[in-house]
>>> print(open('run-v1.txt').read())   # compact mmCIF, C-alpha atoms
# COMPACT_ATOMS: atom_id res chain seq x y z
CA MET C 1 0.00 0.00 0.00
CA ALA C 2 2.86 2.32 0.87
CA GLY C 3 4.56 1.52 -2.49
CA LYS C 4 1.40 2.32 -4.50
CA GLU C 5 0.93 5.77 -3.00
CA PRO C 6 4.45 7.08 -3.96
CA ALA C 7 4.03 5.57 -7.47
CA GLY C 8 0.72 7.40 -7.86
CA LEU C 9 2.31 10.62 -6.64
CA LEU C 10 5.14 10.31 -9.17
CA GLN C 11 2.60 9.62 -11.93
CA GLN C 12 0.69 12.77 -11.02
CA LEU C 13 3.92 14.80 -11.01
CA ARG C 14 4.77 13.43 -14.47
CA GLN C 15 1.33 14.40 -15.74
CA ILE C 16 1.73 17.93 -14.36
CA ALA C 17 5.19 18.18 -15.89
CA GLY C 18 3.81 16.96 -19.24
CA ARG C 19 1.11 19.59 -19.19
CA MET C 20 3.52 22.36 -18.29
CA SER C 21 6.03 21.28 -20.92
CA SER C 22 3.57 22.49 -23.56
CA GLY C 23 4.11 26.00 -22.24
CA PRO C 24 7.32 28.01 -22.26
CA ARG C 25 10.44 25.87 -22.36
CA GLY C 26 11.93 27.33 -19.13
CA ALA C 27 8.86 26.42 -17.10
CA GLY C 28 8.97 22.82 -18.37
CA VAL C 29 12.64 22.41 -17.41
CA GLY C 30 11.95 23.79 -13.92
CA VAL C 31 9.12 21.39 -13.33
CA LYS C 32 11.22 18.46 -14.47
CA LEU C 33 13.97 19.46 -12.08
CA LEU C 34 11.40 19.73 -9.31
CA VAL C 35 10.06 16.29 -10.08
CA GLY C 36 13.58 14.86 -10.17
CA ALA C 37 14.44 16.40 -6.80
CA ALA C 38 11.23 15.00 -5.29
CA ALA C 39 11.98 11.56 -6.65
CA LEU C 40 15.54 11.71 -5.32
CA ALA C 41 14.33 12.77 -1.85
CA TYR C 42 11.79 9.97 -1.80
CA GLY C 43 14.46 7.46 -2.81
CA VAL C 44 16.82 8.61 -0.06
CA LYS C 45 14.00 8.43 2.49
CA GLU C 46 13.06 4.92 1.46
CA ALA C 47 16.70 3.78 1.49
CA THR C 48 17.42 4.90 5.07
CA TYR C 49 15.94 4.12 8.48
CA THR C 50 16.83 4.84 12.09
CA VAL C 51 17.15 2.42 15.00
CA GLU C 52 16.26 4.31 18.20
CA GLY C 53 17.92 3.96 21.60
CA GLY C 54 17.17 0.68 23.38
CA GLN C 55 16.28 -1.04 20.09
CA ARG C 56 17.86 -3.50 17.66
CA ALA C 57 16.95 -4.33 14.06
CA VAL C 58 17.05 -7.46 11.92
CA ILE C 59 16.84 -7.34 8.13
CA PHE C 60 14.35 -9.28 6.04
CA ASN C 61 15.31 -9.82 2.41
CA ARG C 62 12.53 -10.65 -0.03
CA ILE C 63 14.85 -13.02 -1.86
CA GLY C 64 16.85 -14.72 0.93
CA GLY C 65 14.60 -14.17 3.96
CA ILE C 66 15.94 -13.19 7.39
CA GLN C 67 19.64 -12.36 7.51
CA VAL C 68 20.51 -14.55 10.51
CA ASP C 69 24.03 -13.13 10.88
CA THR C 70 22.98 -9.47 11.06
CA VAL C 71 21.72 -7.55 14.09
CA LEU C 72 21.88 -3.79 13.64
CA ALA C 73 22.58 -1.49 16.58
CA GLU C 74 21.26 2.03 17.23
CA GLY C 75 21.75 4.72 14.59
CA LEU C 76 21.13 5.43 10.89
CA HIS C 77 21.23 2.51 8.43
CA PHE C 78 20.70 1.93 4.71
CA ARG C 79 18.64 -0.62 2.83
CA VAL C 80 17.62 -1.50 -0.69
CA PRO C 81 14.06 -0.21 -1.12
CA TRP C 82 11.38 -2.87 -1.60
CA PHE C 83 13.93 -5.73 -1.47
CA GLN C 84 14.84 -5.18 2.18
CA TYR C 85 12.97 -3.88 5.22
CA PRO C 86 13.95 -3.73 8.91
CA ILE C 87 12.18 -5.45 11.82
CA ILE C 88 12.67 -3.40 15.00
CA TYR C 89 12.86 -5.01 18.44
CA ASP C 90 12.78 -3.23 21.79
CA ILE C 91 15.48 -4.87 23.94
CA ARG C 92 14.69 -2.92 27.12
CA ALA C 93 13.24 -4.82 30.09
CA THR C 94 9.45 -4.89 30.01
CA PRO C 95 7.33 -5.61 33.14
CA ARG C 96 4.53 -8.12 32.96
CA LYS C 97 2.18 -9.47 35.64
CA ILE C 98 1.04 -13.08 35.34
CA SER C 99 -1.41 -14.82 37.68
CA SER C 100 -1.97 -18.53 38.14
CA LEU C 101 -4.37 -20.68 40.19
CA THR C 102 -2.62 -23.81 41.37
CA GLY C 103 -2.64 -26.36 44.20
CA SER C 104 -0.28 -26.78 47.13
CA LYS C 105 1.16 -30.00 48.55
CA ASP C 106 -1.74 -30.30 51.03
CA LEU C 107 -4.29 -29.79 48.20
CA GLN C 108 -5.14 -26.17 49.03
CA MET C 109 -5.93 -23.88 46.08
CA VAL C 110 -3.48 -20.97 45.87
CA ASN C 111 -3.82 -17.84 43.73
CA ILE C 112 -0.31 -16.55 43.06
CA SER C 113 0.80 -13.59 40.92
CA LEU C 114 4.28 -12.88 39.56
CA ARG C 115 5.85 -9.69 38.26
CA VAL C 116 8.34 -10.57 35.52
CA LEU C 117 10.89 -8.22 33.89
CA SER C 118 11.81 -9.73 30.53
CA ARG C 119 13.77 -8.76 27.42
CA PRO C 120 14.98 -10.59 24.31
CA GLN C 121 18.58 -11.70 23.90
CA ALA C 122 19.94 -9.21 21.35
CA SER C 123 22.39 -11.57 19.64
CA THR C 124 19.67 -14.13 18.83
CA LEU C 125 16.98 -11.78 17.48
CA PRO C 126 16.96 -13.33 13.94
CA PHE C 127 16.25 -16.80 15.36
CA LEU C 128 13.70 -15.33 17.79
CA TYR C 129 11.83 -13.70 14.90
CA GLN C 130 11.86 -16.91 12.87
CA ARG C 131 10.54 -19.04 15.74
CA LEU C 132 8.22 -16.71 17.69
CA GLY C 133 7.82 -13.40 15.86
CA LYS C 134 7.65 -10.00 17.53
CA ASP C 135 5.04 -11.00 20.13
CA TYR C 136 7.36 -13.58 21.69
CA ASP C 137 6.41 -12.56 25.24
CA GLU C 138 2.70 -13.19 24.60
CA ARG C 139 3.44 -16.64 23.23
CA VAL C 140 6.02 -17.84 25.74
CA LEU C 141 5.79 -16.17 29.15
CA PRO C 142 2.23 -17.15 30.22
CA SER C 143 2.82 -20.82 29.46
CA ILE C 144 6.24 -21.21 31.11
CA VAL C 145 5.22 -19.12 34.16
CA ASN C 146 2.16 -21.31 34.76
CA GLU C 147 4.24 -24.45 34.28
CA VAL C 148 6.93 -23.36 36.76
CA LEU C 149 4.43 -22.06 39.34
CA LYS C 150 2.48 -25.32 39.38
CA SER C 151 5.63 -27.42 39.75
CA VAL C 152 7.13 -25.27 42.55
CA VAL C 153 3.97 -24.59 44.58
CA ALA C 154 3.16 -28.33 44.61
CA LYS C 155 6.34 -28.89 46.68
CA PHE C 156 5.14 -26.79 49.65
CA ASN C 157 2.22 -26.85 52.06
CA ALA C 158 -0.05 -23.83 52.27
CA SER C 159 1.48 -22.70 55.55
CA GLN C 160 5.01 -23.12 54.16
CA LEU C 161 4.17 -20.82 51.24
CA ILE C 162 3.70 -18.05 53.80
CA THR C 163 6.46 -18.84 56.29
CA GLN C 164 9.03 -19.73 53.58
CA ARG C 165 8.05 -17.14 51.01
CA ALA C 166 11.63 -16.05 50.29
CA GLN C 167 12.69 -19.62 49.56
CA VAL C 168 9.65 -20.17 47.33
CA SER C 169 10.38 -16.96 45.39
CA LEU C 170 14.03 -17.93 44.92
CA LEU C 171 13.11 -21.38 43.61
CA ILE C 172 10.54 -19.95 41.19
CA ARG C 173 13.05 -17.41 39.90
CA ARG C 174 15.78 -20.01 39.39
CA GLU C 175 13.59 -22.43 37.44
CA LEU C 176 11.88 -19.71 35.42
CA VAL C 177 15.19 -18.14 34.33
CA GLU C 178 16.46 -21.53 33.15
CA ARG C 179 13.21 -22.23 31.32
CA ALA C 180 13.23 -18.85 29.54
CA LYS C 181 16.75 -19.44 28.21
CA ASP C 182 15.35 -22.13 25.92
CA PHE C 183 13.47 -19.37 24.07
CA ASN C 184 16.33 -16.80 24.05
CA ILE C 185 14.53 -14.64 26.63
CA ILE C 186 16.36 -12.98 29.53
CA LEU C 187 14.51 -12.48 32.84
CA ASP C 188 16.02 -9.64 34.87
CA ASP C 189 13.68 -10.00 37.85
CA VAL C 190 10.97 -12.33 39.13
CA ALA C 191 8.97 -11.39 42.23
CA ILE C 192 5.84 -12.68 43.97
CA THR C 193 3.38 -9.79 44.18
CA GLU C 194 0.29 -11.61 45.46
CA LEU C 195 -0.33 -14.82 47.37
CA SER C 196 -3.86 -15.68 48.47
CA PHE C 197 -5.85 -18.77 49.40
CA SER C 198 -9.45 -19.91 49.14
CA ARG C 199 -12.09 -18.41 51.44
CA GLU C 200 -12.51 -21.66 53.35
CA TYR C 201 -8.81 -21.97 54.11
CA THR C 202 -8.54 -18.29 55.07
CA ALA C 203 -11.50 -18.65 57.43
CA ALA C 204 -9.95 -21.78 58.99
CA VAL C 205 -6.64 -19.98 59.53
CA GLU C 206 -8.41 -17.01 61.13
CA ALA C 207 -10.40 -19.34 63.42
CA LYS C 208 -7.18 -21.09 64.44
CA GLN C 209 -5.53 -17.77 65.23
CA VAL C 210 -8.53 -16.68 67.29
CA ALA C 211 -8.48 -19.97 69.22
CA GLN C 212 -4.76 -19.60 69.93
CA GLN C 213 -5.29 -16.05 71.17
CA GLU C 214 -8.14 -17.16 73.42
CA ALA C 215 -5.98 -19.95 74.84
CA GLN C 216 -3.14 -17.53 75.50
CA ARG C 217 -5.56 -15.10 77.17
CA ALA C 218 -6.97 -17.88 79.38
CA GLN C 219 -3.46 -18.97 80.32
CA PHE C 220 -2.67 -15.37 81.23
CA TYR C 221 -5.72 -15.18 83.51
CA VAL C 222 -4.72 -18.46 85.21
CA GLU C 223 -1.18 -17.21 85.82
CA LYS C 224 -2.54 -13.90 87.12
CA ALA C 225 -4.90 -15.70 89.54
CA LYS C 226 -2.04 -17.84 90.81
CA GLN C 227 0.10 -14.76 91.30
CA ASP C 228 -2.70 -12.96 93.17
CA GLN C 229 -3.17 -16.02 95.37
CA ARG C 230 0.53 -16.14 96.20
CA GLN C 231 0.45 -12.41 96.97
CA LYS C 232 -2.49 -12.79 99.36
CA ILE C 233 -0.80 -15.72 101.10
CA VAL C 234 2.39 -13.74 101.58
CA GLN C 235 0.40 -10.70 102.77
CA ALA C 236 -1.61 -12.81 105.25
CA GLU C 237 1.52 -14.45 106.54
CA GLY C 238 3.11 -11.02 106.99
CA GLU C 239 0.08 -9.65 108.85
CA ALA C 240 -0.06 -12.73 111.09
CA GLU C 241 3.62 -12.40 111.88
CA ALA C 242 3.18 -8.68 112.62
CA ALA C 243 0.21 -9.37 114.96
CA LYS C 244 2.18 -12.07 116.69
CA MET C 245 5.14 -9.76 117.20
CA LEU C 246 2.83 -6.95 118.42
CA GLY C 247 1.11 -9.22 120.92
CA LEU C 248 4.46 -10.46 122.11
CA ALA C 249 5.71 -6.89 122.59
CA ILE C 250 2.57 -5.89 124.58
CA THR C 251 2.87 -8.96 126.75
CA LYS C 252 6.48 -8.26 127.59
CA ASN C 253 6.08 -4.47 127.98
CA PRO C 254 2.56 -3.04 128.64
CA GLY C 255 3.94 0.48 128.27
CA TYR C 256 4.32 -0.14 124.53
CA LEU C 257 0.54 0.15 124.07
CA LYS C 258 0.43 3.51 125.86
CA LEU C 259 3.32 4.70 123.70
CA ARG C 260 1.28 3.82 120.62
CA LYS C 261 -1.64 5.83 122.06
CA ILE C 262 0.58 8.90 122.50
CA ARG C 263 1.77 8.63 118.87
CA ALA C 264 -1.79 8.26 117.65
CA ALA C 265 -2.83 11.34 119.68
CA GLN C 266 0.05 13.31 118.15
CA ASN C 267 -1.10 12.40 114.64
CA ILE C 268 -4.71 13.36 115.42
CA ALA C 269 -3.65 16.69 116.94
CA LYS C 270 -1.42 17.47 113.98
CA THR C 271 -4.21 16.74 111.51
CA MET C 272 -6.73 18.87 113.40
CA SER C 273 -4.29 21.78 113.75
CA GLN C 274 -3.89 21.96 109.95
CA SER C 275 -7.66 22.13 109.44
CA GLN C 276 -9.32 25.51 108.89
CA ASN C 277 -12.18 24.66 111.29
CA ARG C 278 -11.92 25.13 115.07
CA VAL C 279 -12.47 21.88 116.97
CA TYR C 280 -12.34 21.35 120.73
CA LEU C 281 -11.52 17.86 121.89
CA ASN C 282 -11.10 16.43 125.36
CA ALA C 283 -8.46 13.99 126.40
CA ASP C 284 -10.71 11.00 125.73
CA SER C 285 -11.27 12.06 122.11
CA LEU C 286 -7.51 12.43 121.64
CA VAL C 287 -6.97 8.97 123.08
CA LEU C 288 -5.00 10.57 125.93
CA ASN C 289 -6.85 8.92 128.79
CA LEU C 290 -3.51 7.66 129.89
CA GLN C 291 -4.42 7.57 133.58
CA ASP C 292 -6.67 4.56 133.00
CA GLY C 293 -4.82 1.63 134.26
CA GLY C 294 -2.59 3.62 136.69
CA GLY C 295 -0.23 5.32 134.13
CA PHE C 296 3.08 3.91 133.08
CA GLU C 297 4.21 0.83 134.83
>>> encode(input="run-v1.txt", output="structure tokens")
Amino acid sequence: MAGKEPAGLLQQLRQIAGRMSSGPRGAGVGVKLLVGAAALAYGVKEATYTVEGGQRAVIFNRIGGIQVDTVLAEGLHFRVPWFQYPIIYDIRATPRKISSLTGSKDLQMVNISLRVLSRPQASTLPFLYQRLGKDYDERVLPSIVNEVLKSVVAKFNASQLITQRAQVSLLIRRELVERAKDFNIILDDVAITELSFSREYTAAVEAKQVAQQEAQRAQFYVEKAKQDQRQKIVQAEGEAEAAKMLGLAITKNPGYLKLRKIRAAQNIAKTMSQSQNRVYLNADSLVLNLQDGGGFE
């Protein structure tokens, strides 16, 4: 289609030049020069092409097919119009997310997603085009990713996929890189982006976690009750020992009780003196009835 349009344009220019050649001779020569310059510019345009940064080109020859020994780097290149045309490949890493539903070792369904950074191997682009074409990633990556995911996930239990996620990711990456080499594809990075289980398994895990938390809470309450019991026993033993020692002191020295009364009266008097209200107390209210019992022995 592109070849027919320039041919039609040249035909129209020839017709215009033919019409103008019937006029003054100078005008006809000028038009012919104009047509020649246009044809030359078109030829130069069709004979050159540019390979942009991050790209490589392979050449297809209409007579011999793909030139398997030629991979053109970035820059300006020449070709024979119509007989040759370039096929441009982007060799920069391209991200792609692939999801797969597979089963674990304990027969739990796992939904796992991978983020893959892939690019073609530049030196093998002619063979890649012959075998897979330009959409190599669409043809290869989904199938090999699903194959590797199913084989790796089947080696682990559902709980191990969570607790040993780094090991699972490393094993997937290693096997996937080796598998992609068979198709001349380089994988720069492979990472697990999503890992989820069925609703039933998720509910069972949550129920197990809740049960474990309840058991831990009950164990905490039991330990707290035991600690409170020990504290009360120690406190009771201390109070009993204090009462015993107090009774022993009173028995040996009755004046000890009167001394305690004097200290209590001092505390009461001090508290009342700091109050803003005026209060009159007798000796009995201040616990100073010390003469009961005949005073100090």
>>> closest_residue(input="run-v1.txt", among="C:Tyr201, C:Ala39, C:Thr124, C:Asn111", to="C:Val71", atoms="only C-alpha atoms")
C:Thr124
>>> residues_around(input="run-v1.txt", residues="C:Tyr85", least_positions_apart="6", cutoff="12 Å", atoms="all atoms listed in the file", output="PDB file with C-alpha atoms, in the coordinates of the input")
ATOM      1  CA  GLU C  46      13.060   4.920   1.460  1.00  0.00           C
ATOM      2  CA  ALA C  47      16.700   3.780   1.490  1.00  0.00           C
ATOM      3  CA  THR C  48      17.420   4.900   5.070  1.00  0.00           C
ATOM      4  CA  TYR C  49      15.940   4.120   8.480  1.00  0.00           C
ATOM      5  CA  THR C  50      16.830   4.840  12.090  1.00  0.00           C
ATOM      6  CA  ALA C  57      16.950  -4.330  14.060  1.00  0.00           C
ATOM      7  CA  VAL C  58      17.050  -7.460  11.920  1.00  0.00           C
ATOM      8  CA  ILE C  59      16.840  -7.340   8.130  1.00  0.00           C
ATOM      9  CA  PHE C  60      14.350  -9.280   6.040  1.00  0.00           C
ATOM     10  CA  ASN C  61      15.310  -9.820   2.410  1.00  0.00           C
ATOM     11  CA  ARG C  62      12.530 -10.650  -0.030  1.00  0.00           C
ATOM     12  CA  ILE C  63      14.850 -13.020  -1.860  1.00  0.00           C
ATOM     13  CA  GLY C  65      14.600 -14.170   3.960  1.00  0.00           C
ATOM     14  CA  ILE C  66      15.940 -13.190   7.390  1.00  0.00           C
ATOM     15  CA  GLN C  67      19.640 -12.360   7.510  1.00  0.00           C
ATOM     16  CA  HIS C  77      21.230   2.510   8.430  1.00  0.00           C
ATOM     17  CA  PHE C  78      20.700   1.930   4.710  1.00  0.00           C
ATOM     18  CA  ARG C  79      18.640  -0.620   2.830  1.00  0.00           C
TER      19      ARG C  79
END
>>> closest_residue(input="run-v1.txt", among="C:Ile88, C:Ala242, C:Leu117, C:Leu176", to="C:Gly133", atoms="all atoms listed in the file")
C:Ile88
>>> closest_residue(input="run-v1.txt", among="C:Val177, C:Ile192, C:Ala218, C:Val51", to="C:Leu114", atoms="only C-alpha atoms")
C:Ile192
>>> closest_residue(input="run-v1.txt", among="C:Phe127, C:Tyr42, C:Phe156, C:Tyr221", to="C:Asp106", atoms="all atoms listed in the file")
C:Phe156
>>> closest_residue(input="run-v1.txt", among="C:Lys226, C:Ile250, C:Arg131, C:Arg199", to="C:Val110", atoms="all atoms listed in the file")
C:Arg199
>>> closest_residue(input="run-v1.txt", among="C:Arg174, C:Lys45, C:Lys232, C:Arg179", to="C:Pro81", atoms="all atoms listed in the file")
C:Lys45
>>> atom_distance(input="run-v1.txt", atom1="atom CA of C:Lys224", atom2="atom CA of C:Val205")
28.5 Å
>>> atom_distance(input="run-v1.txt", atom1="atom CA of C:Leu76", atom2="atom CA of C:Gly53")
11.3 Å
>>> decode(input="run-v1.txt", residues="stretch 151-226 of chain C", atoms="C-alpha atoms", output="PDB file, in the first residue's frame")
ATOM      1  CA  SER C 151       5.634 -27.417  39.752  1.00  0.00           C
ATOM      2  CA  VAL C 152       7.129 -25.271  42.552  1.00  0.00           C
ATOM      3  CA  VAL C 153       3.970 -24.593  44.577  1.00  0.00           C
ATOM      4  CA  ALA C 154       3.163 -28.326  44.613  1.00  0.00           C
ATOM      5  CA  LYS C 155       6.345 -28.892  46.676  1.00  0.00           C
ATOM      6  CA  PHE C 156       5.138 -26.792  49.646  1.00  0.00           C
ATOM      7  CA  ASN C 157       2.222 -26.850  52.064  1.00  0.00           C
ATOM      8  CA  ALA C 158      -0.055 -23.829  52.271  1.00  0.00           C
ATOM      9  CA  SER C 159       1.483 -22.701  55.551  1.00  0.00           C
ATOM     10  CA  GLN C 160       5.008 -23.120  54.156  1.00  0.00           C
ATOM     11  CA  LEU C 161       4.169 -20.822  51.236  1.00  0.00           C
ATOM     12  CA  ILE C 162       3.702 -18.045  53.803  1.00  0.00           C
ATOM     13  CA  THR C 163       6.458 -18.836  56.286  1.00  0.00           C
ATOM     14  CA  GLN C 164       9.026 -19.727  53.583  1.00  0.00           C
ATOM     15  CA  ARG C 165       8.051 -17.136  51.006  1.00  0.00           C
ATOM     16  CA  ALA C 166      11.629 -16.054  50.293  1.00  0.00           C
ATOM     17  CA  GLN C 167      12.693 -19.619  49.557  1.00  0.00           C
ATOM     18  CA  VAL C 168       9.652 -20.174  47.329  1.00  0.00           C
ATOM     19  CA  SER C 169      10.378 -16.959  45.394  1.00  0.00           C
ATOM     20  CA  LEU C 170      14.032 -17.928  44.916  1.00  0.00           C
ATOM     21  CA  LEU C 171      13.112 -21.384  43.613  1.00  0.00           C
ATOM     22  CA  ILE C 172      10.539 -19.951  41.190  1.00  0.00           C
ATOM     23  CA  ARG C 173      13.055 -17.407  39.897  1.00  0.00           C
ATOM     24  CA  ARG C 174      15.778 -20.014  39.389  1.00  0.00           C
ATOM     25  CA  GLU C 175      13.588 -22.432  37.442  1.00  0.00           C
ATOM     26  CA  LEU C 176      11.882 -19.710  35.423  1.00  0.00           C
ATOM     27  CA  VAL C 177      15.192 -18.140  34.329  1.00  0.00           C
ATOM     28  CA  GLU C 178      16.463 -21.529  33.152  1.00  0.00           C
ATOM     29  CA  ARG C 179      13.207 -22.228  31.320  1.00  0.00           C
ATOM     30  CA  ALA C 180      13.228 -18.848  29.540  1.00  0.00           C
ATOM     31  CA  LYS C 181      16.754 -19.435  28.210  1.00  0.00           C
ATOM     32  CA  ASP C 182      15.349 -22.129  25.920  1.00  0.00           C
ATOM     33  CA  PHE C 183      13.471 -19.370  24.074  1.00  0.00           C
ATOM     34  CA  ASN C 184      16.331 -16.796  24.054  1.00  0.00           C
ATOM     35  CA  ILE C 185      14.534 -14.639  26.629  1.00  0.00           C
ATOM     36  CA  ILE C 186      16.355 -12.984  29.535  1.00  0.00           C
ATOM     37  CA  LEU C 187      14.509 -12.481  32.836  1.00  0.00           C
ATOM     38  CA  ASP C 188      16.019  -9.635  34.874  1.00  0.00           C
ATOM     39  CA  ASP C 189      13.683 -10.001  37.850  1.00  0.00           C
ATOM     40  CA  VAL C 190      10.971 -12.329  39.127  1.00  0.00           C
ATOM     41  CA  ALA C 191       8.974 -11.385  42.234  1.00  0.00           C
ATOM     42  CA  ILE C 192       5.843 -12.682  43.972  1.00  0.00           C
ATOM     43  CA  THR C 193       3.382  -9.790  44.183  1.00  0.00           C
ATOM     44  CA  GLU C 194       0.293 -11.605  45.464  1.00  0.00           C
ATOM     45  CA  LEU C 195      -0.333 -14.817  47.373  1.00  0.00           C
ATOM     46  CA  SER C 196      -3.865 -15.678  48.468  1.00  0.00           C
ATOM     47  CA  PHE C 197      -5.850 -18.773  49.401  1.00  0.00           C
ATOM     48  CA  SER C 198      -9.447 -19.906  49.144  1.00  0.00           C
ATOM     49  CA  ARG C 199     -12.094 -18.405  51.435  1.00  0.00           C
ATOM     50  CA  GLU C 200     -12.514 -21.662  53.355  1.00  0.00           C
ATOM     51  CA  TYR C 201      -8.807 -21.973  54.111  1.00  0.00           C
ATOM     52  CA  THR C 202      -8.537 -18.291  55.065  1.00  0.00           C
ATOM     53  CA  ALA C 203     -11.505 -18.654  57.435  1.00  0.00           C
ATOM     54  CA  ALA C 204      -9.946 -21.776  58.994  1.00  0.00           C
ATOM     55  CA  VAL C 205      -6.643 -19.976  59.533  1.00  0.00           C
ATOM     56  CA  GLU C 206      -8.410 -17.014  61.129  1.00  0.00           C
ATOM     57  CA  ALA C 207     -10.401 -19.338  63.421  1.00  0.00           C
ATOM     58  CA  LYS C 208      -7.184 -21.093  64.442  1.00  0.00           C
ATOM     59  CA  GLN C 209      -5.529 -17.774  65.228  1.00  0.00           C
ATOM     60  CA  VAL C 210      -8.533 -16.678  67.291  1.00  0.00           C
ATOM     61  CA  ALA C 211      -8.480 -19.974  69.218  1.00  0.00           C
ATOM     62  CA  GLN C 212      -4.765 -19.600  69.931  1.00  0.00           C
ATOM     63  CA  GLN C 213      -5.287 -16.047  71.167  1.00  0.00           C
ATOM     64  CA  GLU C 214      -8.143 -17.158  73.419  1.00  0.00           C
ATOM     65  CA  ALA C 215      -5.980 -19.955  74.836  1.00  0.00           C
ATOM     66  CA  GLN C 216      -3.142 -17.530  75.496  1.00  0.00           C
ATOM     67  CA  ARG C 217      -5.562 -15.098  77.171  1.00  0.00           C
ATOM     68  CA  ALA C 218      -6.965 -17.881  79.376  1.00  0.00           C
ATOM     69  CA  GLN C 219      -3.461 -18.971  80.323  1.00  0.00           C
ATOM     70  CA  PHE C 220      -2.668 -15.368  81.228  1.00  0.00           C
ATOM     71  CA  TYR C 221      -5.718 -15.179  83.510  1.00  0.00           C
ATOM     72  CA  VAL C 222      -4.717 -18.458  85.207  1.00  0.00           C
ATOM     73  CA  GLU C 223      -1.183 -17.210  85.821  1.00  0.00           C
ATOM     74  CA  LYS C 224      -2.541 -13.900  87.120  1.00  0.00           C
ATOM     75  CA  ALA C 225      -4.900 -15.698  89.538  1.00  0.00           C
ATOM     76  CA  LYS C 226      -2.035 -17.841  90.806  1.00  0.00           C
TER      77      LYS C 226
END
